[in-house]
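Below is my_file.cif, holding mmCIF, C-alpha atoms.
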data_run
loop_
_atom_site.label_atom_id
_atom_site.label_comp_id
_atom_site.auth_asym_id
_atom_site.auth_seq_id
_atom_site.Cartn_x
_atom_site.Cartn_y
_atom_site.Cartn_z
CA MET E 14 26.54 -17.58 -16.18
CA LYS E 15 28.63 -19.66 -13.81
CA LEU E 16 28.71 -20.00 -10.04
CA THR E 17 32.02 -21.15 -8.61
CA GLY E 18 33.35 -21.75 -5.12
CA ARG E 19 37.05 -22.27 -4.51
CA GLY E 20 38.83 -23.57 -1.42
CA LEU E 21 35.82 -22.93 0.77
CA ARG E 22 36.26 -23.23 4.48
CA CYS E 23 33.45 -23.07 6.98
CA GLU E 24 33.54 -22.77 10.73
CA ARG E 25 30.58 -23.00 13.09
CA GLY E 26 31.18 -22.22 16.76
CA GLN E 27 35.03 -22.48 16.58
CA ARG E 28 34.71 -25.91 14.96
CA GLU E 29 35.63 -26.58 11.35
CA VAL E 30 32.70 -28.01 9.37
CA PHE E 31 34.54 -28.43 6.06
CA SER E 32 37.55 -27.02 4.27
CA GLY E 33 39.09 -27.05 0.81
CA LEU E 34 35.72 -27.47 -0.87
CA ASP E 35 35.40 -26.57 -4.56
CA PHE E 36 32.21 -26.52 -6.60
CA MET E 37 30.96 -25.20 -9.91
CA VAL E 38 27.46 -24.73 -11.25
CA ALA E 39 26.94 -23.63 -14.85
CA ALA E 40 23.84 -21.97 -16.33
CA GLY E 41 21.03 -24.46 -16.92
CA GLU E 42 22.60 -26.93 -14.52
CA ALA E 43 21.45 -28.36 -11.21
CA VAL E 44 23.86 -29.61 -8.56
CA ALA E 45 22.57 -31.81 -5.74
CA VAL E 46 24.58 -31.46 -2.55
CA THR E 47 24.41 -34.75 -0.67
CA GLY E 48 26.03 -36.12 2.45
CA PRO E 49 25.25 -37.24 5.98
CA ASN E 50 23.71 -34.97 8.61
CA GLY E 51 26.24 -32.47 9.88
CA ALA E 52 28.39 -32.63 6.74
CA GLY E 53 27.72 -28.92 6.12
CA LYS E 54 25.14 -28.94 3.32
CA THR E 55 23.05 -26.16 4.81
CA SER E 56 26.20 -24.25 5.77
CA LEU E 57 27.40 -24.38 2.14
CA LEU E 58 24.08 -22.96 0.92
CA ARG E 59 24.09 -20.23 3.56
CA LEU E 60 27.70 -19.34 2.70
CA THR E 61 26.67 -18.98 -0.93
CA ALA E 62 23.64 -16.89 0.06
CA GLY E 63 25.89 -14.56 2.06
CA LEU E 64 24.11 -15.52 5.29
CA LEU E 65 27.27 -16.96 6.83
CA ALA E 66 30.73 -15.45 6.84
CA LEU E 67 33.38 -17.37 4.86
CA ALA E 68 36.30 -18.58 6.96
CA GLY E 69 38.34 -19.01 3.78
CA GLY E 70 38.10 -19.28 0.00
CA SER E 71 35.85 -17.37 -2.35
CA ILE E 72 32.52 -17.66 -4.12
CA ALA E 73 31.88 -15.82 -7.36
CA LEU E 74 29.13 -15.54 -9.93
CA GLU E 75 30.43 -14.90 -13.43
CA GLY E 76 28.20 -13.44 -16.10
CA GLY E 77 25.53 -12.08 -13.75
CA GLU E 78 24.43 -8.48 -13.37
CA PRO E 79 27.68 -6.59 -12.66
CA ASP E 80 25.99 -4.10 -10.31
CA LEU E 81 24.50 -6.72 -8.03
CA THR E 82 26.11 -9.00 -5.46
CA LEU E 83 25.60 -12.75 -5.55
CA PRO E 84 23.04 -12.81 -2.69
CA GLU E 85 21.05 -10.13 -4.49
CA GLN E 86 20.72 -12.41 -7.51
CA ALA E 87 19.88 -15.52 -5.52
CA HIS E 88 16.86 -17.06 -3.86
CA TYR E 89 17.41 -19.02 -0.67
CA LEU E 90 14.72 -21.52 0.24
CA GLY E 91 15.58 -22.67 3.75
CA HIS E 92 13.98 -24.79 6.45
CA ARG E 93 12.09 -21.77 7.65
CA ASP E 94 9.36 -20.53 5.35
CA ALA E 95 9.61 -16.74 5.82
CA LEU E 96 5.84 -16.49 6.22
CA LYS E 97 3.81 -14.39 8.65
CA PRO E 98 0.98 -16.51 10.10
CA ALA E 99 -1.21 -13.42 10.68
CA LEU E 100 -1.19 -12.45 6.99
CA SER E 101 -3.16 -14.19 4.27
CA VAL E 102 -1.53 -16.37 1.61
CA SER E 103 -1.77 -13.67 -1.05
CA GLU E 104 -0.64 -10.90 1.36
CA ASN E 105 2.45 -12.93 2.23
CA LEU E 106 3.35 -13.46 -1.40
CA SER E 107 2.63 -9.93 -2.56
CA PHE E 108 4.75 -8.56 0.28
CA TRP E 109 7.81 -10.51 -0.90
CA GLN E 110 7.03 -9.61 -4.48
CA ASP E 111 6.90 -5.89 -3.58
CA PHE E 112 9.92 -6.09 -1.28
CA LEU E 113 12.14 -8.07 -3.62
CA GLY E 114 11.04 -6.18 -6.72
CA GLY E 115 9.08 -8.74 -8.68
CA ASP E 116 6.39 -8.27 -11.29
CA ALA E 117 2.96 -7.73 -9.68
CA ALA E 118 1.23 -9.70 -12.44
CA GLU E 119 3.20 -12.81 -11.47
CA THR E 120 1.64 -13.16 -8.00
CA SER E 121 -1.64 -14.85 -8.95
CA HIS E 122 0.10 -16.89 -11.64
CA ALA E 123 2.67 -18.15 -9.13
CA LEU E 124 -0.09 -19.10 -6.67
CA SER E 125 -1.95 -21.11 -9.30
CA VAL E 126 1.23 -22.90 -10.40
CA VAL E 127 1.88 -24.16 -6.85
CA GLY E 128 -1.83 -24.97 -6.44
CA LEU E 129 -2.69 -22.47 -3.72
CA ASP E 130 -5.06 -20.16 -5.62
CA HIS E 131 -8.11 -21.63 -3.84
CA VAL E 132 -6.73 -20.70 -0.39
CA ALA E 133 -5.29 -17.29 -1.33
CA HIS E 134 -7.55 -15.44 1.14
CA LEU E 135 -6.84 -17.70 4.14
CA PRO E 136 -4.33 -16.71 6.83
CA ALA E 137 -1.01 -18.54 6.48
CA ALA E 138 -1.46 -19.77 10.08
CA VAL E 139 -4.00 -22.40 8.96
CA LEU E 140 -1.85 -23.84 6.15
CA SER E 141 -0.39 -27.32 6.46
CA ALA E 142 3.38 -27.84 6.37
CA GLY E 143 3.21 -28.86 2.70
CA GLN E 144 1.10 -25.83 1.80
CA ARG E 145 3.53 -23.51 3.59
CA ARG E 146 6.36 -25.03 1.56
CA ARG E 147 4.34 -24.52 -1.65
CA LEU E 148 3.82 -20.87 -0.70
CA SER E 149 7.54 -20.31 -0.22
CA VAL E 150 8.17 -21.98 -3.58
CA ALA E 151 5.73 -19.45 -5.07
CA ARG E 152 8.16 -16.72 -3.95
CA LEU E 153 10.79 -18.19 -6.30
CA LEU E 154 8.33 -17.85 -9.17
CA ALA E 155 6.96 -14.41 -8.30
CA VAL E 156 10.41 -12.81 -8.22
CA LYS E 157 12.87 -13.72 -10.95
CA ARG E 158 16.38 -14.53 -9.73
CA PRO E 159 18.89 -16.65 -11.69
CA VAL E 160 20.46 -18.54 -8.77
CA TRP E 161 18.31 -20.84 -6.63
CA LEU E 162 19.76 -22.18 -3.38
CA LEU E 163 17.39 -24.84 -2.11
CA ASP E 164 17.66 -26.57 1.26
CA GLU E 165 15.64 -29.81 1.30
CA PRO E 166 13.15 -28.27 -1.14
CA THR E 167 10.81 -31.24 -1.38
CA SER E 168 10.46 -31.96 2.35
CA ALA E 169 6.78 -31.93 3.38
CA LEU E 170 5.61 -31.91 -0.26
CA ASP E 171 3.25 -34.67 -1.43
CA THR E 172 3.86 -36.66 -4.64
CA GLU E 173 1.86 -34.23 -6.74
CA GLY E 174 3.70 -31.31 -5.13
CA GLN E 175 7.06 -32.94 -5.86
CA ASN E 176 6.08 -33.38 -9.51
CA THR E 177 4.97 -29.76 -9.71
CA PHE E 178 8.23 -28.66 -8.11
CA ALA E 179 10.26 -30.80 -10.53
CA ALA E 180 8.45 -29.07 -13.40
CA ILE E 181 9.18 -25.66 -11.84
CA MET E 182 12.88 -26.52 -11.52
CA THR E 183 13.01 -27.82 -15.11
CA GLY E 184 11.47 -24.55 -16.29
CA HIS E 185 14.00 -22.53 -14.29
CA LEU E 186 16.94 -24.53 -15.72
CA ALA E 187 15.56 -24.24 -19.27
CA GLY E 188 15.48 -20.46 -18.77
CA GLY E 189 19.22 -20.46 -18.06
CA GLY E 190 18.93 -20.48 -14.28
CA LEU E 191 21.11 -22.52 -11.97
CA ILE E 192 20.24 -24.58 -8.93
CA LEU E 193 22.30 -25.65 -5.93
CA ALA E 194 20.19 -27.93 -3.77
CA ALA E 195 20.94 -29.78 -0.54
CA THR E 196 18.90 -32.93 -0.54
CA HIS E 197 18.51 -36.47 0.74
CA ALA E 198 15.75 -37.44 -1.67
CA PRO E 199 16.38 -37.67 -5.43
CA LEU E 200 15.99 -34.23 -7.01
CA ASP E 201 13.71 -35.37 -9.90
CA VAL E 202 15.69 -33.32 -12.42
CA ALA E 203 18.97 -34.22 -14.12
CA ALA E 204 21.55 -33.12 -11.55
CA ARG E 205 25.23 -33.51 -10.89
CA GLU E 206 26.07 -34.70 -7.40
CA LEU E 207 28.36 -32.86 -5.01
CA ARG E 208 29.11 -35.31 -2.23
CA MET E 209 30.17 -33.83 1.08
CA GLY E 210 32.12 -35.96 3.54
CA ALA E 211 31.21 -36.96 7.06
CA VAL E 212 32.28 -34.87 9.99
CA GLY E 213 35.91 -35.49 10.93
CA MET U 21 10.82 2.97 -2.14
CA ILE U 22 8.21 0.33 -3.04
CA ALA U 23 10.20 -2.23 -1.07
CA LEU U 24 10.38 -0.03 2.04
CA SER U 25 6.71 0.93 2.00
CA ALA U 26 5.83 -2.75 1.53
CA LEU U 27 7.91 -3.59 4.62
CA VAL U 28 6.26 -0.83 6.68
CA ARG U 29 2.79 -1.91 5.56
CA ARG U 30 3.48 -5.57 6.34
CA ASP U 31 4.83 -4.87 9.84
CA VAL U 32 1.97 -2.51 10.72
CA ARG U 33 -0.54 -5.04 9.43
CA VAL U 34 1.01 -7.90 11.43
CA ALA U 35 1.06 -5.69 14.56
CA LEU U 36 -2.60 -4.72 14.18
CA ARG U 37 -3.89 -8.27 13.59
CA VAL U 38 -4.96 -10.51 16.49
CA GLY U 39 -2.01 -11.30 18.75
CA GLY U 40 0.08 -8.46 17.32
CA GLY U 41 2.06 -5.97 19.38
CA ALA U 42 -0.08 -2.86 18.91
CA LEU U 43 -2.95 -3.84 21.20
CA ILE U 44 -0.64 -5.40 23.82
CA GLY U 45 1.43 -2.20 24.02
CA VAL U 46 -1.50 0.17 24.47
CA LEU U 47 -3.26 -2.15 26.96
CA PHE U 48 -0.08 -2.43 29.03
CA PHE U 49 0.27 1.38 29.00
CA LEU U 50 -3.34 1.69 30.17
CA THR U 51 -2.81 -0.84 32.96
CA VAL U 52 0.35 0.80 34.29
CA VAL U 53 -1.18 4.28 34.31
CA VAL U 54 -4.50 3.15 35.77
CA LEU U 55 -2.74 1.32 38.62
CA MET U 56 -0.73 4.40 39.65
CA PRO U 57 -3.56 6.38 41.29
CA PHE U 58 -4.39 3.30 43.36
CA ALA U 59 -0.78 2.93 44.46
CA VAL U 60 -0.18 6.63 45.19
CA GLY U 61 -3.53 7.23 46.87
CA PRO U 62 -6.15 9.94 46.35
CA ASP U 63 -3.78 12.88 46.69
CA LEU U 64 -4.73 15.03 43.69
CA ALA U 65 -1.82 17.46 44.00
CA LEU U 66 0.70 14.62 44.20
CA LEU U 67 -0.88 12.85 41.21
CA LYS U 68 -0.70 16.01 39.18
CA GLN U 69 2.95 16.41 40.02
CA LEU U 70 3.77 12.78 39.20
CA GLY U 71 1.50 12.65 36.15
CA PRO U 72 4.03 13.34 33.36
CA ALA U 73 6.58 10.98 34.87
CA ILE U 74 4.01 8.19 35.15
CA LEU U 75 2.87 8.66 31.54
CA TRP U 76 6.45 8.67 30.31
CA LEU U 77 7.42 5.57 32.28
CA GLY U 78 4.29 3.80 31.05
CA ALA U 79 5.12 4.66 27.43
CA LEU U 80 8.74 3.57 27.88
CA LEU U 81 7.80 0.18 29.35
CA ALA U 82 5.04 -0.38 26.79
CA SER U 83 7.35 0.22 23.84
CA LEU U 84 10.06 -1.94 25.46
CA LEU U 85 7.55 -4.76 25.91
CA THR U 86 6.97 -5.10 22.18
CA LEU U 87 10.47 -4.17 20.97
CA ASP U 88 12.14 -7.53 21.58
CA ARG U 89 10.03 -9.10 18.82
CA LEU U 90 11.14 -6.45 16.30
CA PHE U 91 13.87 -8.58 14.70
CA MET U 92 13.45 -11.81 16.67
CA ALA U 93 10.15 -12.69 14.95
CA ASP U 94 11.70 -12.21 11.50
CA HIS U 95 14.76 -14.19 12.57
CA GLU U 96 12.68 -17.12 13.79
CA ASP U 97 10.48 -17.44 10.71
CA GLY U 98 13.33 -16.95 8.23
CA SER U 99 12.17 -13.57 6.89
CA LEU U 100 15.37 -11.95 8.11
CA ASP U 101 17.41 -14.17 5.73
CA VAL U 102 15.40 -12.93 2.76
CA ILE U 103 15.62 -9.31 3.96
CA LEU U 104 19.44 -9.65 4.27
CA MET U 105 19.61 -10.98 0.69
CA SER U 106 17.41 -8.29 -0.83
CA ARG U 107 18.57 -5.32 -2.87
CA THR U 108 17.30 -2.93 -0.20
CA PRO U 109 20.14 -1.66 2.02
CA LEU U 110 19.83 -3.27 5.45
CA GLU U 111 20.05 0.13 7.17
CA LEU U 112 16.94 1.35 5.33
CA ALA U 113 15.12 -1.91 6.01
CA CYS U 114 15.91 -1.50 9.73
CA ALA U 115 14.65 2.08 9.66
CA ALA U 116 11.44 0.95 7.92
CA LYS U 117 10.87 -1.73 10.55
CA ALA U 118 11.40 0.79 13.37
CA LEU U 119 9.03 3.25 11.69
CA ALA U 120 6.39 0.52 11.44
CA HIS U 121 6.91 -0.32 15.12
CA TRP U 122 6.44 3.32 16.07
CA LEU U 123 3.30 3.66 13.92
CA ALA U 124 1.78 0.51 15.40
CA VAL U 125 2.88 0.85 19.04
CA GLY U 126 4.08 4.44 19.69
CA LEU U 127 1.27 6.34 17.98
CA PRO U 128 -1.59 4.56 19.86
CA LEU U 129 0.14 5.46 23.15
CA ILE U 130 0.08 9.13 22.23
CA ILE U 131 -3.56 8.91 21.21
CA ALA U 132 -4.40 7.27 24.56
CA THR U 133 -2.56 9.96 26.55
CA PRO U 134 -5.44 12.52 26.78
CA VAL U 135 -7.76 9.88 28.27
CA LEU U 136 -5.16 8.79 30.79
CA GLY U 137 -4.33 12.40 31.65
CA LEU U 138 -7.82 12.65 33.18
CA LEU U 139 -6.99 9.81 35.58
CA LEU U 140 -3.86 11.64 36.74
CA ASN U 141 -5.63 14.96 37.31
CA LEU U 142 -3.78 16.70 34.48
CA ASP U 143 -5.56 19.66 32.87
CA GLY U 144 -5.88 20.18 29.14
CA ALA U 145 -2.67 22.16 28.65
CA ALA U 146 -0.60 19.72 30.72
CA THR U 147 -1.97 16.70 28.84
CA GLY U 148 -1.23 18.45 25.56
CA ALA U 149 2.35 19.11 26.67
CA VAL U 150 2.88 15.47 27.69
CA ALA U 151 1.33 14.23 24.43
CA LEU U 152 3.58 16.57 22.45
CA THR U 153 6.74 15.44 24.27
CA LEU U 154 5.70 11.80 23.78
CA PHE U 155 5.11 12.47 20.09
CA VAL U 156 8.64 13.84 19.75
CA GLY U 157 10.31 11.46 22.21
CA THR U 158 8.83 8.02 21.46
CA PRO U 159 10.61 7.74 18.08
CA ALA U 160 13.86 8.05 20.03
CA LEU U 161 12.76 5.19 22.30
CA THR U 162 11.98 3.00 19.29
CA PHE U 163 15.11 3.83 17.31
CA THR U 164 17.50 3.36 20.25
CA GLY U 165 15.59 0.29 21.37
CA MET U 166 16.06 -1.13 17.89
CA ILE U 167 19.80 -1.45 18.60
CA GLY U 168 19.01 -3.65 21.58
CA ALA U 169 16.50 -5.65 19.52
CA ALA U 170 19.17 -6.35 16.90
CA LEU U 171 21.69 -7.32 19.58
CA ALA U 172 19.12 -9.71 21.04
CA VAL U 173 19.10 -11.54 17.69
CA THR U 174 22.90 -11.50 17.45
CA LEU U 175 23.39 -12.84 20.98
CA ARG U 176 20.36 -15.15 20.76
CA ARG U 177 18.91 -13.88 24.00
CA GLY U 178 15.64 -12.05 24.16
CA GLY U 179 13.55 -10.48 26.88
CA LEU U 180 15.54 -9.39 29.88
CA LEU U 181 18.76 -8.70 27.98
CA LEU U 182 16.89 -6.19 25.85
CA ALA U 183 15.67 -4.34 28.95
CA VAL U 184 19.17 -4.24 30.42
CA LEU U 185 20.65 -2.93 27.15
CA VAL U 186 17.95 -0.47 26.19
CA LEU U 187 16.90 1.13 29.47
CA PRO U 188 20.25 2.92 30.07
CA LEU U 189 20.11 4.29 26.52
CA SER U 190 16.66 5.72 27.12
CA ILE U 191 17.61 7.63 30.28
CA PRO U 192 18.39 10.92 28.45
CA VAL U 193 15.09 10.74 26.57
CA LEU U 194 13.26 10.14 29.82
CA ILE U 195 15.01 13.04 31.59
CA PHE U 196 14.29 15.61 28.91
CA GLY U 197 10.82 14.27 28.09
CA VAL U 198 9.67 14.60 31.68
CA ALA U 199 11.56 17.89 32.15
CA ALA U 200 9.84 19.43 29.14
CA SER U 201 6.42 18.28 30.38
CA GLN U 202 7.09 19.64 33.89
CA ALA U 203 8.31 22.91 32.43
CA ALA U 204 5.06 23.31 30.51
CA ILE U 205 2.97 22.56 33.61
CA SER U 206 4.72 24.36 36.47
CA GLY U 207 7.87 26.05 35.15
CA PRO U 208 10.19 27.64 36.11
CA LEU U 209 12.23 26.53 33.09
CA PRO U 210 10.97 27.61 29.69
CA PHE U 211 9.38 24.70 27.77
CA GLY U 212 11.58 25.26 24.73
CA THR U 213 14.94 24.34 26.28
CA PRO U 214 14.36 20.72 27.32
CA PHE U 215 12.01 20.24 24.35
CA SER U 216 14.73 21.22 21.86
CA ILE U 217 17.15 18.78 23.46
CA LEU U 218 14.47 16.08 23.25
CA CYS U 219 14.05 16.82 19.53
CA ALA U 220 17.82 16.61 19.07
CA LEU U 221 17.95 13.25 20.87
CA SER U 222 15.22 11.93 18.58
CA LEU U 223 16.94 13.15 15.42
CA ALA U 224 20.28 11.68 16.52
CA SER U 225 18.70 8.30 17.26
CA LEU U 226 16.95 8.33 13.85
CA VAL U 227 20.41 8.43 12.29
CA ILE U 228 22.41 6.21 14.66
CA GLY U 229 19.76 3.53 15.33
CA PRO U 230 19.43 2.01 11.84
CA PHE U 231 23.20 1.92 11.24
CA ALA U 232 23.95 0.33 14.62
CA ALA U 233 21.14 -2.21 14.23
CA ALA U 234 22.22 -3.16 10.70
CA MET U 235 25.82 -3.55 11.83
CA SER U 236 24.74 -5.79 14.69
CA LEU U 237 22.55 -7.94 12.41
CA ARG U 238 25.42 -8.41 9.95
CA GLN U 239 27.73 -9.44 12.81
CA GLY U 240 25.19 -11.96 13.97
CA LEU U 241 24.92 -13.91 10.72
CA ASP U 242 24.51 -17.61 11.38
#

Please, can you express the file's structure as structure tokens?
Amino acid sequence: MKLTGRGLRCERGQREVFSGLDFMVAAGEAVAVTGPNGAGKTSLLRLTAGLLALAGGSIALEGGEPDLTLPEQAHYLGHRDALKPALSVSENLSFWQDFLGGDAAETSHALSVVGLDHVAHLPAAVLSAGQRRRLSVARLLAVKRPVWLLDEPTSALDTEGQNTFAAIMTGHLAGGGLILAATHAPLDVAARELRMGAVG
Amino acid sequence: MIALSALVRRDVRVALRVGGGALIGVLFFLTVVVLMPFAVGPDLALLKQLGPAILWLGALLASLLTLDRLFMADHEDGSLDVILMSRTPLELACAAKALAHWLAVGLPLIIATPVLGLLLNLDGAATGAVALTLFVGTPALTFTGMIGAALAVTLRRGGLLLAVLVLPLSIPVLIFGVAASQAAISGPLPFGTPFSILCALSLASLVIGPFAAAMSLRQGLD
């Protein structure tokens, strides 16, 4: 499996963010997208996730499920956690697992991996920022998707949480998955760097 | 199917929990209808004549009040991104969200109607007629309002814009909803004519609403 982007061009609000960008991520490989604020790291991830329209170029996933589009085979972990404060931790996770078509048996396993099994019955409103992030990481585990698009995945995580997340990423890569992550901090797994330039 | 029922269940559950839209909608409906007799005065004949219109206006405003959060809440917390990336067609997801909104906000209004009918001096048959027209007509309000709710996300403006966009679309529903209720109470029109048109409006909005909303959400990607 291979994710490639060719000649990508991105515009936000009539202004060009970047153009002529190429990237390639192979199965089992992690690519860390780095660069100053405003260089277009988040935009690149959202383009890949199909959440932004391409102004030019193309993104393709080779060797995936032929019937599914790239966004349908990808997880996007953004700044916003996609959690409903009124629902409990386990309700939040089982909703995404039902909605995205994951395996129901994975839910409690995913919660224990990210260390949230002891708060599963609490409403998500009372979680700390780090716990909310852990819960959204649990979504990546509960529903299997080969492509992970991670935007600042370790922000708000404590040292132990970062180690856990590094182990989760290593497991995903070992299973043939691929990771494209925008980050300022080191990614804690062997990763190639894709450096994006400053705003012109 | 599992995905859609999960979405409906989640939205209904969120609406029914503390701070959700269901209670706010039905309380607002109650307030509007209870205030009317005080504003109009103790003229029983006049109240009876205005009754269906007051109930319909109350239901329209109550469903509008909670509609602007339909997609905005999911947009703000990032859920909309995940919904857009899922294998469920966006049109069906929009329809499921509108159905959940109707179950949580529209249905309680209809259940409250018989109680409020007493305050407006409506007899049993008249209340039944209004409740029946609301039952058929409120889905049209939700499914046309959904288009405005999706546009509010696309244009990044909530609140007042939604009212300006949605209220003109709901005029036909209001006309035939009230006309059918009046026909059942005082005639001279047969009840069936405006009621059939109301049903048709509802069915048309069930089809058009999800497609228009999904198209608007796709346009508004950011």

Please expand the PyMOL selection byres ((chain E) within 9 of (chain U)) into the concrete residues it hits in this file, giving the result as a VMD selection string. chain E and resid 25 56 59 62 to 66 81 to 100 104 to 105 107 to 114

Would you save the residues of that selection, restricted to C-alpha atoms, as a tab-separated table (two decimals), in the coordinates of the input?
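File written: out-v8.tsv
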chain	number	residue	atom	x	y	z
E	25	ARG	CA	30.58	-23.00	13.09
E	56	SER	CA	26.20	-24.25	5.77
E	59	ARG	CA	24.09	-20.23	3.56
E	62	ALA	CA	23.64	-16.89	0.06
E	63	GLY	CA	25.89	-14.56	2.06
E	64	LEU	CA	24.11	-15.52	5.29
E	65	LEU	CA	27.27	-16.96	6.83
E	66	ALA	CA	30.73	-15.45	6.84
E	81	LEU	CA	24.50	-6.72	-8.03
E	82	THR	CA	26.11	-9.00	-5.46
E	83	LEU	CA	25.60	-12.75	-5.55
E	84	PRO	CA	23.04	-12.81	-2.69
E	85	GLU	CA	21.05	-10.13	-4.49
E	86	GLN	CA	20.72	-12.41	-7.51
E	87	ALA	CA	19.88	-15.52	-5.52
E	88	HIS	CA	16.86	-17.06	-3.86
E	89	TYR	CA	17.41	-19.02	-0.67
E	90	LEU	CA	14.72	-21.52	0.24
E	91	GLY	CA	15.58	-22.67	3.75
E	92	HIS	CA	13.98	-24.79	6.45
E	93	ARG	CA	12.09	-21.77	7.65
E	94	ASP	CA	9.36	-20.53	5.35
E	95	ALA	CA	9.61	-16.74	5.82
E	96	LEU	CA	5.84	-16.49	6.22
E	97	LYS	CA	3.81	-14.39	8.65
E	98	PRO	CA	0.98	-16.51	10.10
E	99	ALA	CA	-1.21	-13.42	10.68
E	100	LEU	CA	-1.19	-12.45	6.99
E	104	GLU	CA	-0.64	-10.90	1.36
E	105	ASN	CA	2.45	-12.93	2.23
E	107	SER	CA	2.63	-9.93	-2.56
E	108	PHE	CA	4.75	-8.56	0.28
E	109	TRP	CA	7.81	-10.51	-0.90
E	110	GLN	CA	7.03	-9.61	-4.48
E	111	ASP	CA	6.90	-5.89	-3.58
E	112	PHE	CA	9.92	-6.09	-1.28
E	113	LEU	CA	12.14	-8.07	-3.62
E	114	GLY	CA	11.04	-6.18	-6.72

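Take atom CA of U:Leu123 and atom CA of E:Val102: the distance between them is 24.0 Å.
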
Using the chain letters and residue numbers of this document, give as an MDAnalysis selection string the residues selected by the PyMOL selection byres ((chain E and resi 127-135) around 9). chainID E and resid 100:104 121:126 136:140 144 147:148 150:151 174 177:178 181

Please list as a JSON list (two decimals) with C-alpha atoms, keeping the file's coordinate frame every residue within 12 Å of E:Met37, counting only C-alpha atoms and excluding residues in the same chain fewer than 2 positions away.
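The resulting file, selection-v6.json, is reproduced below:
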[["chain", "number", "residue", "atom", "x", "y", "z"],
["E", 14, "MET", "CA", 26.54, -17.58, -16.18],
["E", 15, "LYS", "CA", 28.63, -19.66, -13.81],
["E", 16, "LEU", "CA", 28.71, -20.00, -10.04],
["E", 17, "THR", "CA", 32.02, -21.15, -8.61],
["E", 18, "GLY", "CA", 33.35, -21.75, -5.12],
["E", 19, "ARG", "CA", 37.05, -22.27, -4.51],
["E", 20, "GLY", "CA", 38.83, -23.57, -1.42],
["E", 21, "LEU", "CA", 35.82, -22.93, 0.77],
["E", 34, "LEU", "CA", 35.72, -27.47, -0.87],
["E", 35, "ASP", "CA", 35.40, -26.57, -4.56],
["E", 39, "ALA", "CA", 26.94, -23.63, -14.85],
["E", 40, "ALA", "CA", 23.84, -21.97, -16.33],
["E", 42, "GLU", "CA", 22.60, -26.93, -14.52],
["E", 43, "ALA", "CA", 21.45, -28.36, -11.21],
["E", 44, "VAL", "CA", 23.86, -29.61, -8.56],
["E", 45, "ALA", "CA", 22.57, -31.81, -5.74],
["E", 46, "VAL", "CA", 24.58, -31.46, -2.55],
["E", 61, "THR", "CA", 26.67, -18.98, -0.93],
["E", 71, "SER", "CA", 35.85, -17.37, -2.35],
["E", 72, "ILE", "CA", 32.52, -17.66, -4.12],
["E", 73, "ALA", "CA", 31.88, -15.82, -7.36],
["E", 74, "LEU", "CA", 29.13, -15.54, -9.93],
["E", 75, "GLU", "CA", 30.43, -14.90, -13.43],
["E", 191, "LEU", "CA", 21.11, -22.52, -11.97],
["E", 192, "ILE", "CA", 20.24, -24.58, -8.93],
["E", 193, "LEU", "CA", 22.30, -25.65, -5.93],
["E", 205, "ARG", "CA", 25.23, -33.51, -10.89],
["E", 206, "GLU", "CA", 26.07, -34.70, -7.40],
["E", 207, "LEU", "CA", 28.36, -32.86, -5.01]]

Padding of 3 Å on every side, edges along x, y and z, all listed atoms of stretch 117-121 of chain E included: what centre and edge lengths in Å, to one decimal, does that box have, as AutoDock Vina command-line options?
--center_x 0.8 --center_y -11.3 --center_z -10.2 --size_x 10.8 --size_y 13.1 --size_z 10.4

Could you state which residues are captured by the PyMOL selection byres ((chain U and resi 215) around 8) in this file, as a PyMOL selection string? chain U and resi 153+196-197+200+211-214+216-219
